[in-house]
$ cat entry36.cif   # mmCIF, C-alpha atoms
data_input
loop_
_atom_site.label_atom_id
_atom_site.label_comp_id
_atom_site.auth_asym_id
_atom_site.auth_seq_id
_atom_site.Cartn_x
_atom_site.Cartn_y
_atom_site.Cartn_z
CA ASP A 1 0.00 0.00 0.00
CA ALA A 2 1.10 3.55 -0.70
CA GLY A 3 2.29 5.60 2.24
CA ILE A 4 -0.89 7.44 3.09
CA THR A 5 -2.31 7.75 6.59
CA GLN A 6 -5.56 9.27 7.78
CA SER A 7 -6.27 10.36 11.31
CA PRO A 8 -8.38 9.87 13.25
CA ARG A 9 -9.87 6.63 11.92
CA HIS A 10 -13.10 7.10 13.85
CA LYS A 11 -14.65 10.16 15.42
CA VAL A 12 -17.95 11.03 17.03
CA THR A 13 -18.66 14.71 17.45
CA GLU A 14 -21.54 16.96 18.33
CA THR A 15 -23.45 19.19 15.96
CA GLY A 16 -21.94 22.64 15.75
CA THR A 17 -18.41 21.69 16.77
CA PRO A 18 -15.40 22.11 14.48
CA VAL A 19 -13.65 18.97 13.29
CA THR A 20 -10.33 18.52 11.49
CA LEU A 21 -9.31 15.39 9.65
CA ARG A 22 -5.69 14.85 8.68
CA CYS A 23 -4.18 13.12 5.68
CA HIS A 24 -0.44 12.44 5.65
CA GLN A 25 1.53 10.99 2.72
CA THR A 26 5.11 9.85 2.36
CA GLU A 27 5.01 9.45 -1.45
CA ASN A 28 5.72 13.08 -2.36
CA HIS A 29 2.73 13.06 -4.72
CA ARG A 30 1.61 16.44 -5.98
CA TYR A 31 -2.15 15.89 -5.89
CA MET A 32 -4.17 15.20 -2.77
CA TYR A 33 -7.94 14.78 -2.55
CA TRP A 34 -10.67 14.54 0.03
CA TYR A 35 -13.74 12.45 -0.80
CA ARG A 36 -16.81 11.51 1.13
CA GLN A 37 -18.55 8.19 0.61
CA ASP A 38 -22.26 7.76 1.24
CA PRO A 39 -24.60 4.92 0.25
CA GLY A 40 -26.03 5.45 -3.22
CA HIS A 41 -23.67 8.32 -4.00
CA GLY A 42 -20.35 6.62 -4.47
CA LEU A 43 -17.32 8.80 -3.88
CA ARG A 44 -17.85 12.54 -4.14
CA LEU A 45 -14.99 15.01 -4.29
CA ILE A 46 -14.96 17.64 -1.55
CA HIS A 47 -11.72 19.53 -2.21
CA TYR A 48 -8.42 18.79 -3.80
CA SER A 49 -4.91 20.23 -3.81
CA TYR A 50 -2.43 20.46 -6.65
CA GLY A 51 0.45 21.80 -4.59
CA VAL A 52 1.39 23.50 -1.36
CA LYS A 53 -1.18 26.21 -0.64
CA ASP A 54 -2.93 25.42 -3.96
CA THR A 55 -6.41 24.04 -3.46
CA ASP A 56 -9.71 23.97 -5.32
CA LYS A 57 -13.31 23.01 -4.67
CA GLY A 58 -14.92 19.74 -5.65
CA GLU A 59 -18.58 18.97 -6.20
CA VAL A 60 -19.63 18.94 -2.52
CA SER A 61 -17.43 21.61 -0.92
CA ASP A 62 -20.06 23.56 1.07
CA GLY A 63 -19.36 23.38 4.81
CA TYR A 64 -15.78 22.21 4.32
CA SER A 65 -12.42 23.94 4.10
CA VAL A 66 -8.95 22.57 3.46
CA SER A 67 -5.37 23.57 3.95
CA ARG A 68 -2.07 22.27 2.64
CA SER A 69 0.93 23.96 4.22
CA LYS A 70 3.31 21.07 3.45
CA THR A 71 3.49 18.62 0.57
CA GLU A 72 2.83 15.70 2.87
CA ASP A 73 -0.18 17.01 4.80
CA PHE A 74 -3.71 17.85 3.66
CA LEU A 75 -6.22 18.89 6.29
CA LEU A 76 -10.00 18.84 5.97
CA THR A 77 -11.96 21.03 8.37
CA LEU A 78 -15.65 21.01 9.08
CA GLU A 79 -16.15 24.48 10.50
CA SER A 80 -19.41 23.60 12.25
CA ALA A 81 -20.33 19.96 11.91
CA THR A 82 -23.87 19.01 10.90
CA SER A 83 -25.60 15.62 10.88
CA SER A 84 -25.55 15.65 7.06
CA GLN A 85 -21.76 15.47 7.26
CA THR A 86 -21.90 12.06 8.91
CA SER A 87 -20.01 9.98 6.40
CA VAL A 88 -16.87 8.05 5.63
CA TYR A 89 -14.10 10.36 4.46
CA PHE A 90 -11.29 9.18 2.23
CA CYS A 91 -8.10 10.94 1.37
CA ALA A 92 -6.41 10.07 -1.90
CA ILE A 93 -3.13 10.99 -3.57
CA SER A 94 -1.91 10.87 -7.14
CA ASP A 95 1.16 11.86 -9.06
CA ARG A 96 -0.74 13.51 -11.90
CA GLN A 97 -4.33 14.65 -11.97
CA SER A 98 -6.74 12.10 -13.40
CA TYR A 99 -4.35 10.15 -15.63
CA THR A 100 -2.56 8.11 -13.03
CA GLU A 101 -3.97 5.87 -10.38
CA ALA A 102 -5.14 7.37 -7.13
CA PHE A 103 -4.05 5.77 -3.87
CA PHE A 104 -6.55 5.93 -1.05
CA GLY A 105 -6.13 6.13 2.68
CA GLN A 106 -7.93 3.79 5.05
CA GLY A 107 -10.78 6.22 5.61
CA THR A 108 -12.21 8.12 8.57
CA ARG A 109 -15.67 7.30 9.83
CA LEU A 110 -17.19 10.51 11.18
CA THR A 111 -20.46 10.56 13.08
CA VAL A 112 -22.11 13.87 13.94
CA VAL A 113 -24.71 13.55 16.68
CA GLY B 1 -25.06 16.30 -10.24
CA GLN B 2 -23.53 12.92 -10.82
CA GLN B 3 -21.51 12.90 -14.02
CA VAL B 4 -20.93 9.17 -14.27
CA MET B 5 -23.70 6.66 -13.67
CA GLN B 6 -23.16 3.02 -12.89
CA ILE B 7 -25.58 0.10 -13.09
CA PRO B 8 -26.64 -2.01 -11.40
CA GLN B 9 -26.30 -0.61 -7.90
CA TYR B 10 -26.37 -4.09 -6.38
CA GLN B 11 -25.79 -7.57 -7.83
CA HIS B 12 -26.06 -10.94 -6.16
CA VAL B 13 -24.63 -13.94 -8.02
CA GLN B 14 -23.99 -17.58 -7.29
CA GLU B 15 -20.34 -18.48 -7.15
CA GLY B 16 -19.24 -19.45 -10.64
CA GLU B 17 -21.69 -17.16 -12.43
CA ASP B 18 -20.54 -14.21 -14.48
CA PHE B 19 -20.96 -10.58 -13.45
CA THR B 20 -20.99 -7.32 -15.39
CA THR B 21 -21.18 -3.71 -14.27
CA TYR B 22 -21.73 -0.80 -16.64
CA CYS B 23 -20.55 2.77 -16.45
CA ASN B 24 -22.21 5.51 -18.51
CA SER B 25 -21.39 9.16 -19.03
CA SER B 26 -23.43 11.82 -20.81
CA THR B 27 -20.22 13.42 -22.03
CA THR B 28 -17.12 12.09 -23.73
CA LEU B 29 -14.45 10.86 -21.35
CA SER B 30 -10.71 11.22 -21.78
CA ASN B 31 -10.06 8.09 -19.77
CA ILE B 32 -11.78 5.69 -17.42
CA GLN B 33 -10.39 4.00 -14.35
CA TRP B 34 -11.79 1.09 -12.35
CA TYR B 35 -11.42 0.57 -8.62
CA LYS B 36 -12.43 -2.20 -6.23
CA GLN B 37 -13.38 -1.64 -2.61
CA ARG B 38 -13.63 -4.63 -0.32
CA PRO B 39 -16.21 -4.41 2.52
CA GLY B 40 -14.83 -2.12 5.20
CA GLY B 41 -11.84 -1.24 3.05
CA HIS B 42 -10.69 1.53 0.78
CA PRO B 43 -10.83 1.77 -3.03
CA VAL B 44 -7.94 0.10 -4.81
CA PHE B 45 -7.00 0.86 -8.41
CA LEU B 46 -7.55 -1.95 -10.90
CA ILE B 47 -6.94 -0.52 -14.36
CA GLN B 48 -7.09 2.49 -16.66
CA LEU B 49 -8.46 2.62 -20.21
CA VAL B 50 -7.65 5.51 -22.54
CA LYS B 51 -8.28 4.52 -26.15
CA SER B 52 -11.61 4.29 -27.92
CA GLY B 53 -12.75 0.64 -28.07
CA GLU B 54 -9.94 -0.50 -25.79
CA VAL B 55 -10.23 -3.90 -24.13
CA LYS B 56 -7.96 -5.05 -21.32
CA LYS B 57 -7.94 -8.27 -19.35
CA GLN B 58 -6.71 -9.16 -15.91
CA LYS B 59 -7.18 -12.91 -15.35
CA ARG B 60 -10.98 -13.33 -15.04
CA LEU B 61 -11.68 -9.58 -15.35
CA THR B 62 -12.33 -7.95 -18.74
CA PHE B 63 -12.55 -4.17 -19.07
CA GLN B 64 -13.92 -2.35 -22.09
CA PHE B 65 -14.04 1.30 -23.12
CA GLY B 66 -16.76 2.18 -25.61
CA GLU B 67 -16.10 3.38 -29.12
CA ALA B 68 -17.61 6.77 -28.31
CA LYS B 69 -15.69 6.93 -25.02
CA LYS B 70 -18.91 7.51 -23.11
CA ASN B 71 -19.31 4.11 -21.52
CA SER B 72 -17.32 1.29 -20.05
CA SER B 73 -17.90 -2.14 -18.60
CA LEU B 74 -16.24 -4.57 -16.25
CA HIS B 75 -16.99 -8.26 -16.73
CA ILE B 76 -15.96 -10.96 -14.28
CA THR B 77 -16.03 -14.54 -15.51
CA ALA B 78 -16.84 -17.35 -13.08
CA THR B 79 -17.06 -15.24 -9.93
CA GLN B 80 -15.36 -16.32 -6.74
CA THR B 81 -15.99 -15.27 -3.15
CA THR B 82 -12.84 -13.18 -3.31
CA ASP B 83 -14.56 -10.96 -5.91
CA VAL B 84 -16.96 -9.61 -3.29
CA GLY B 85 -16.88 -5.84 -2.97
CA THR B 86 -17.95 -2.62 -4.62
CA TYR B 87 -16.62 -1.80 -8.06
CA PHE B 88 -16.30 1.85 -9.05
CA CYS B 89 -15.55 3.41 -12.37
CA ALA B 90 -14.05 6.88 -12.49
CA GLY B 91 -13.87 9.04 -15.58
CA THR B 92 -12.19 12.25 -16.66
CA ASN B 93 -14.34 14.53 -18.78
CA THR B 94 -13.11 16.99 -21.36
CA GLY B 95 -13.01 19.70 -18.71
CA ASN B 96 -10.37 17.63 -16.93
CA GLN B 97 -12.76 16.94 -14.08
CA PHE B 98 -12.60 13.49 -12.55
CA TYR B 99 -15.76 11.82 -11.29
CA PHE B 100 -16.43 8.50 -9.62
CA GLY B 101 -19.47 6.46 -10.52
CA THR B 102 -22.00 5.43 -7.90
CA GLY B 103 -20.54 1.93 -7.68
CA THR B 104 -21.87 -1.61 -8.02
CA SER B 105 -21.90 -3.76 -4.91
CA LEU B 106 -21.24 -7.41 -5.74
CA THR B 107 -22.26 -10.23 -3.43
CA VAL B 108 -21.13 -13.75 -4.30
CA ILE B 109 -23.16 -16.56 -2.78
CA PRO B 110 -21.07 -19.70 -2.13
#

$ encode --input "entry36.cif" --output "structure tokens"
Amino acid sequence: DAGITQSPRHKVTETGTPVTLRCHQTENHRYMYWYRQDPGHGLRLIHYSYGVKDTDKGEVSDGYSVSRSKTEDFLLTLESATSSQTSVYFCAISDRQSYTEAFFGQGTRLTVV
Amino acid sequence: GQQVMQIPQYQHVQEGEDFTTYCNSSTTLSNIQWYKQRPGGHPVFLIQLVKSGEVKKQKRLTFQFGEAKKNSSLHITATQTTDVGTYFCAGTNTGNQFYFGTGTSLTVIP
């Protein structure tokens, strides 16, 4: 497996609280992605990064922000968690956008109560 | 909205039967990738198709990319219990946006 680690692996939080998920890679890949996975929706892109401090929105970015201050770390923040953000979150990395395989982390199961 | 649709959403087969999942896009795709996710696991890359009409095989798995580059299929011959999981396609459209399909969950009954 590629060197990609997500933390935490599981989290339960209350509505209205901020939450930060971390993705750490040791592959020096340029592109990093955050996806959420929900039944019937597959994997939906939240935000992605194409370099340090270079990020862009995906198809479901509302309520989420990201930061990438180092090549190896990509943080996803839920500013004020809502129950609709209960999901499994996956981080992925790739060397080139779209045309090379993406390597996924183990996932973070987030429950907002 | 969802750019890449996949059917069926669920499929149950007896061990030894064949299985096919289809991926359809309303727009032309530059490439298509296929991933497999085991229950409780994370998606793992299987293959990428780039050329119109391309066919690739991996043991019992056959992948096709349509002539118009708007659809793709994954066919598994003689399924085994190790094939259980969700299969996702992922395509890049002409705007260089990359979308995953909704996935097909395969259950293999021993």

$ resolve_selection --input "entry36.cif" --expression "the PyMOL selection byres ((chain B) within 12 of (chain A))" --output "ChimeraX atom specification"
/B:1-10,29-50,86-105

$ atom_distance --input "entry36.cif" --atom1 "CA of Asn71 (chain B)" --atom2 "CA of Ile46 (chain A)"
24.5 Å

$ residues_near_point --input "entry36.cif" --point "(-1.7, 11.8, 12.5)" --cutoff "9 Å" --atoms "all atoms listed in the file" --output "list in words"
Thr5, Gln6, Ser7, Pro8, Leu21, Arg22, Cys23 and His24 of chain A

$ write_last_selection --input "entry36.cif" --atoms "C-alpha atoms" --output "PDB file, keeping the file's coordinate frame"
ATOM      1  CA  THR A   5      -2.310   7.750   6.590  1.00  0.00           C
ATOM      2  CA  GLN A   6      -5.560   9.270   7.780  1.00  0.00           C
ATOM      3  CA  SER A   7      -6.270  10.360  11.310  1.00  0.00           C
ATOM      4  CA  PRO A   8      -8.380   9.870  13.250  1.00  0.00           C
ATOM      5  CA  LEU A  21      -9.310  15.390   9.650  1.00  0.00           C
ATOM      6  CA  ARG A  22      -5.690  14.850   8.680  1.00  0.00           C
ATOM      7  CA  CYS A  23      -4.180  13.120   5.680  1.00  0.00           C
ATOM      8  CA  HIS A  24      -0.440  12.440   5.650  1.00  0.00           C
TER       9      HIS A  24
END

$ atom_distance --input "entry36.cif" --atom1 "CA of Ser72 (chain B)" --atom2 "CA of Val13 (chain B)"
20.7 Å

$ atom_distance --input "entry36.cif" --atom1 "CA of Ser67 (chain A)" --atom2 "CA of Ser94 (chain A)"
17.2 Å

$ residues_around --input "entry36.cif" --residues "Arg109 (chain A)" --least-positions-apart "3" --cutoff "8 Å" --atoms "only C-alpha atoms" --output "JSON list (two decimals) with C-alpha atoms, keeping the file's coordinate frame"
[["chain", "number", "residue", "atom", "x", "y", "z"],
["A", 9, "ARG", "CA", -9.87, 6.63, 11.92],
["A", 10, "HIS", "CA", -13.10, 7.10, 13.85],
["A", 11, "LYS", "CA", -14.65, 10.16, 15.42],
["A", 86, "THR", "CA", -21.90, 12.06, 8.91],
["A", 87, "SER", "CA", -20.01, 9.98, 6.40],
["A", 88, "VAL", "CA", -16.87, 8.05, 5.63],
["A", 89, "TYR", "CA", -14.10, 10.36, 4.46]]

$ resolve_selection --input "entry36.cif" --expression "the PyMOL selection byres ((chain B and resi 26) around 8)" --output "compact mmCIF listing (two decimals) with C-alpha atoms, in the frame of the given file"
# COMPACT_ATOMS: atom_id res chain seq x y z
CA GLN B 3 -21.51 12.90 -14.02
CA VAL B 4 -20.93 9.17 -14.27
CA ASN B 24 -22.21 5.51 -18.51
CA SER B 25 -21.39 9.16 -19.03
CA THR B 27 -20.22 13.42 -22.03
CA THR B 28 -17.12 12.09 -23.73
CA LYS B 70 -18.91 7.51 -23.11

$ closest_residue --input "entry36.cif" --among "A:Val12, A:Leu76, A:Ile4, A:Val113" --to "Glu27 (chain A)" --atoms "only C-alpha atoms"
A:Ile4

$ resolve_selection --input "entry36.cif" --expression "the PyMOL selection byres ((chain B and resi 78) around 9)" --output "PyMOL selection string"
chain B and resi 15-19+60+76-77+79-80

$ axis_aligned_box --input "entry36.cif" --around "region 95-106 of chain B" --padding-each-side "6 Å" --output "JSON"
{"center_x": -16.2, "center_y": 6.1, "center_z": -11.8, "size_x": 23.6, "size_y": 39.1, "size_z": 25.8}

$ closest_residue --input "entry36.cif" --among "B:Gln14, B:Thr81, B:Ser52, B:Thr21" --to "Glu67 (chain B)" --atoms "all atoms listed in the file"
B:Ser52

$ residues_around --input "entry36.cif" --residues "Tyr50 (chain A)" --least-positions-apart "2" --cutoff "6 Å" --atoms "all atoms listed in the file" --output "number ranges by chain"
A: 30-31, 54

$ closest_residue --input "entry36.cif" --among "A:Phe74, A:Thr55, A:Asp95, A:Ser84" --to "Gln25 (chain A)" --atoms "only C-alpha atoms"
A:Phe74

$ residues_around --input "entry36.cif" --residues "Gln85 (chain A)" --least-positions-apart "3" --cutoff "8 Å" --atoms "all atoms listed in the file" --output "count of residues only"
5

$ build_atoms --input "entry36.cif" --residues "region 63-84 of chain B" --atoms "N, CA, C and O atoms" --output "PDB file, in the coordinates of the input"
ATOM      1  N   PHE B  63     -12.146  -5.576 -19.096  1.00  0.00           N
ATOM      2  CA  PHE B  63     -12.550  -4.170 -19.070  1.00  0.00           C
ATOM      3  C   PHE B  63     -12.660  -3.670 -20.502  1.00  0.00           C
ATOM      4  O   PHE B  63     -11.791  -3.945 -21.332  1.00  0.00           O
ATOM      5  N   GLN B  64     -13.746  -2.908 -20.763  1.00  0.00           N
ATOM      6  CA  GLN B  64     -13.920  -2.350 -22.090  1.00  0.00           C
ATOM      7  C   GLN B  64     -14.217  -0.859 -21.996  1.00  0.00           C
ATOM      8  O   GLN B  64     -14.899  -0.406 -21.073  1.00  0.00           O
ATOM      9  N   PHE B  65     -13.740  -0.124 -22.982  1.00  0.00           N
ATOM     10  CA  PHE B  65     -14.040   1.300 -23.120  1.00  0.00           C
ATOM     11  C   PHE B  65     -14.777   1.447 -24.433  1.00  0.00           C
ATOM     12  O   PHE B  65     -14.307   0.984 -25.471  1.00  0.00           O
ATOM     13  N   GLY B  66     -15.925   2.089 -24.419  1.00  0.00           N
ATOM     14  CA  GLY B  66     -16.760   2.180 -25.610  1.00  0.00           C
ATOM     15  C   GLY B  66     -16.124   2.962 -26.739  1.00  0.00           C
ATOM     16  O   GLY B  66     -15.233   3.788 -26.518  1.00  0.00           O
ATOM     17  N   GLU B  67     -16.633   2.711 -27.934  1.00  0.00           N
ATOM     18  CA  GLU B  67     -16.100   3.380 -29.120  1.00  0.00           C
ATOM     19  C   GLU B  67     -16.254   4.898 -29.021  1.00  0.00           C
ATOM     20  O   GLU B  67     -15.385   5.658 -29.471  1.00  0.00           O
ATOM     21  N   ALA B  68     -17.361   5.344 -28.451  1.00  0.00           N
ATOM     22  CA  ALA B  68     -17.610   6.770 -28.310  1.00  0.00           C
ATOM     23  C   ALA B  68     -16.980   7.358 -27.055  1.00  0.00           C
ATOM     24  O   ALA B  68     -17.108   8.563 -26.790  1.00  0.00           O
ATOM     25  N   LYS B  69     -16.339   6.516 -26.277  1.00  0.00           N
ATOM     26  CA  LYS B  69     -15.690   6.930 -25.020  1.00  0.00           C
ATOM     27  C   LYS B  69     -16.693   7.575 -24.071  1.00  0.00           C
ATOM     28  O   LYS B  69     -16.374   8.519 -23.353  1.00  0.00           O
ATOM     29  N   LYS B  70     -17.901   7.036 -24.061  1.00  0.00           N
ATOM     30  CA  LYS B  70     -18.910   7.510 -23.110  1.00  0.00           C
ATOM     31  C   LYS B  70     -19.351   6.408 -22.166  1.00  0.00           C
ATOM     32  O   LYS B  70     -20.125   6.658 -21.244  1.00  0.00           O
ATOM     33  N   ASN B  71     -18.904   5.196 -22.405  1.00  0.00           N
ATOM     34  CA  ASN B  71     -19.310   4.110 -21.520  1.00  0.00           C
ATOM     35  C   ASN B  71     -18.191   3.094 -21.383  1.00  0.00           C
ATOM     36  O   ASN B  71     -17.257   3.040 -22.201  1.00  0.00           O
ATOM     37  N   SER B  72     -18.322   2.304 -20.338  1.00  0.00           N
ATOM     38  CA  SER B  72     -17.320   1.290 -20.050  1.00  0.00           C
ATOM     39  C   SER B  72     -17.996   0.147 -19.315  1.00  0.00           C
ATOM     40  O   SER B  72     -19.085   0.312 -18.747  1.00  0.00           O
ATOM     41  N   SER B  73     -17.356  -0.993 -19.334  1.00  0.00           N
ATOM     42  CA  SER B  73     -17.900  -2.140 -18.600  1.00  0.00           C
ATOM     43  C   SER B  73     -16.778  -2.946 -17.987  1.00  0.00           C
ATOM     44  O   SER B  73     -15.632  -2.939 -18.458  1.00  0.00           O
ATOM     45  N   LEU B  74     -17.139  -3.618 -16.925  1.00  0.00           N
ATOM     46  CA  LEU B  74     -16.240  -4.570 -16.250  1.00  0.00           C
ATOM     47  C   LEU B  74     -16.980  -5.889 -16.178  1.00  0.00           C
ATOM     48  O   LEU B  74     -18.099  -5.947 -15.645  1.00  0.00           O
ATOM     49  N   HIS B  75     -16.387  -6.932 -16.716  1.00  0.00           N
ATOM     50  CA  HIS B  75     -16.990  -8.260 -16.730  1.00  0.00           C
ATOM     51  C   HIS B  75     -16.105  -9.211 -15.965  1.00  0.00           C
ATOM     52  O   HIS B  75     -14.889  -9.264 -16.195  1.00  0.00           O
ATOM     53  N   ILE B  76     -16.693  -9.934 -15.019  1.00  0.00           N
ATOM     54  CA  ILE B  76     -15.960 -10.960 -14.280  1.00  0.00           C
ATOM     55  C   ILE B  76     -16.506 -12.321 -14.684  1.00  0.00           C
ATOM     56  O   ILE B  76     -17.721 -12.579 -14.568  1.00  0.00           O
ATOM     57  N   THR B  77     -15.651 -13.184 -15.115  1.00  0.00           N
ATOM     58  CA  THR B  77     -16.030 -14.540 -15.510  1.00  0.00           C
ATOM     59  C   THR B  77     -15.883 -15.474 -14.323  1.00  0.00           C
ATOM     60  O   THR B  77     -14.893 -15.417 -13.600  1.00  0.00           O
ATOM     61  N   ALA B  78     -16.893 -16.321 -14.131  1.00  0.00           N
ATOM     62  CA  ALA B  78     -16.840 -17.350 -13.080  1.00  0.00           C
ATOM     63  C   ALA B  78     -16.456 -16.733 -11.733  1.00  0.00           C
ATOM     64  O   ALA B  78     -15.355 -16.975 -11.217  1.00  0.00           O
ATOM     65  N   THR B  79     -17.357 -15.959 -11.172  1.00  0.00           N
ATOM     66  CA  THR B  79     -17.060 -15.240  -9.930  1.00  0.00           C
ATOM     67  C   THR B  79     -16.628 -16.186  -8.806  1.00  0.00           C
ATOM     68  O   THR B  79     -17.030 -17.350  -8.731  1.00  0.00           O
ATOM     69  N   GLN B  80     -15.816 -15.622  -7.932  1.00  0.00           N
ATOM     70  CA  GLN B  80     -15.360 -16.320  -6.740  1.00  0.00           C
ATOM     71  C   GLN B  80     -15.684 -15.459  -5.531  1.00  0.00           C
ATOM     72  O   GLN B  80     -15.926 -14.260  -5.666  1.00  0.00           O
ATOM     73  N   THR B  81     -15.657 -16.039  -4.356  1.00  0.00           N
ATOM     74  CA  THR B  81     -15.990 -15.270  -3.150  1.00  0.00           C
ATOM     75  C   THR B  81     -15.008 -14.125  -2.928  1.00  0.00           C
ATOM     76  O   THR B  81     -15.338 -13.134  -2.286  1.00  0.00           O
ATOM     77  N   THR B  82     -13.835 -14.263  -3.450  1.00  0.00           N
ATOM     78  CA  THR B  82     -12.840 -13.180  -3.310  1.00  0.00           C
ATOM     79  C   THR B  82     -13.181 -11.959  -4.166  1.00  0.00           C
ATOM     80  O   THR B  82     -12.560 -10.905  -4.016  1.00  0.00           O
ATOM     81  N   ASP B  83     -14.161 -12.099  -5.066  1.00  0.00           N
ATOM     82  CA  ASP B  83     -14.560 -10.960  -5.910  1.00  0.00           C
ATOM     83  C   ASP B  83     -15.536 -10.035  -5.195  1.00  0.00           C
ATOM     84  O   ASP B  83     -15.870  -8.963  -5.709  1.00  0.00           O
ATOM     85  N   VAL B  84     -16.004 -10.422  -4.022  1.00  0.00           N
ATOM     86  CA  VAL B  84     -16.960  -9.610  -3.290  1.00  0.00           C
ATOM     87  C   VAL B  84     -16.419  -8.204  -3.035  1.00  0.00           C
ATOM     88  O   VAL B  84     -15.243  -8.046  -2.689  1.00  0.00           O
TER      89      VAL B  84
END
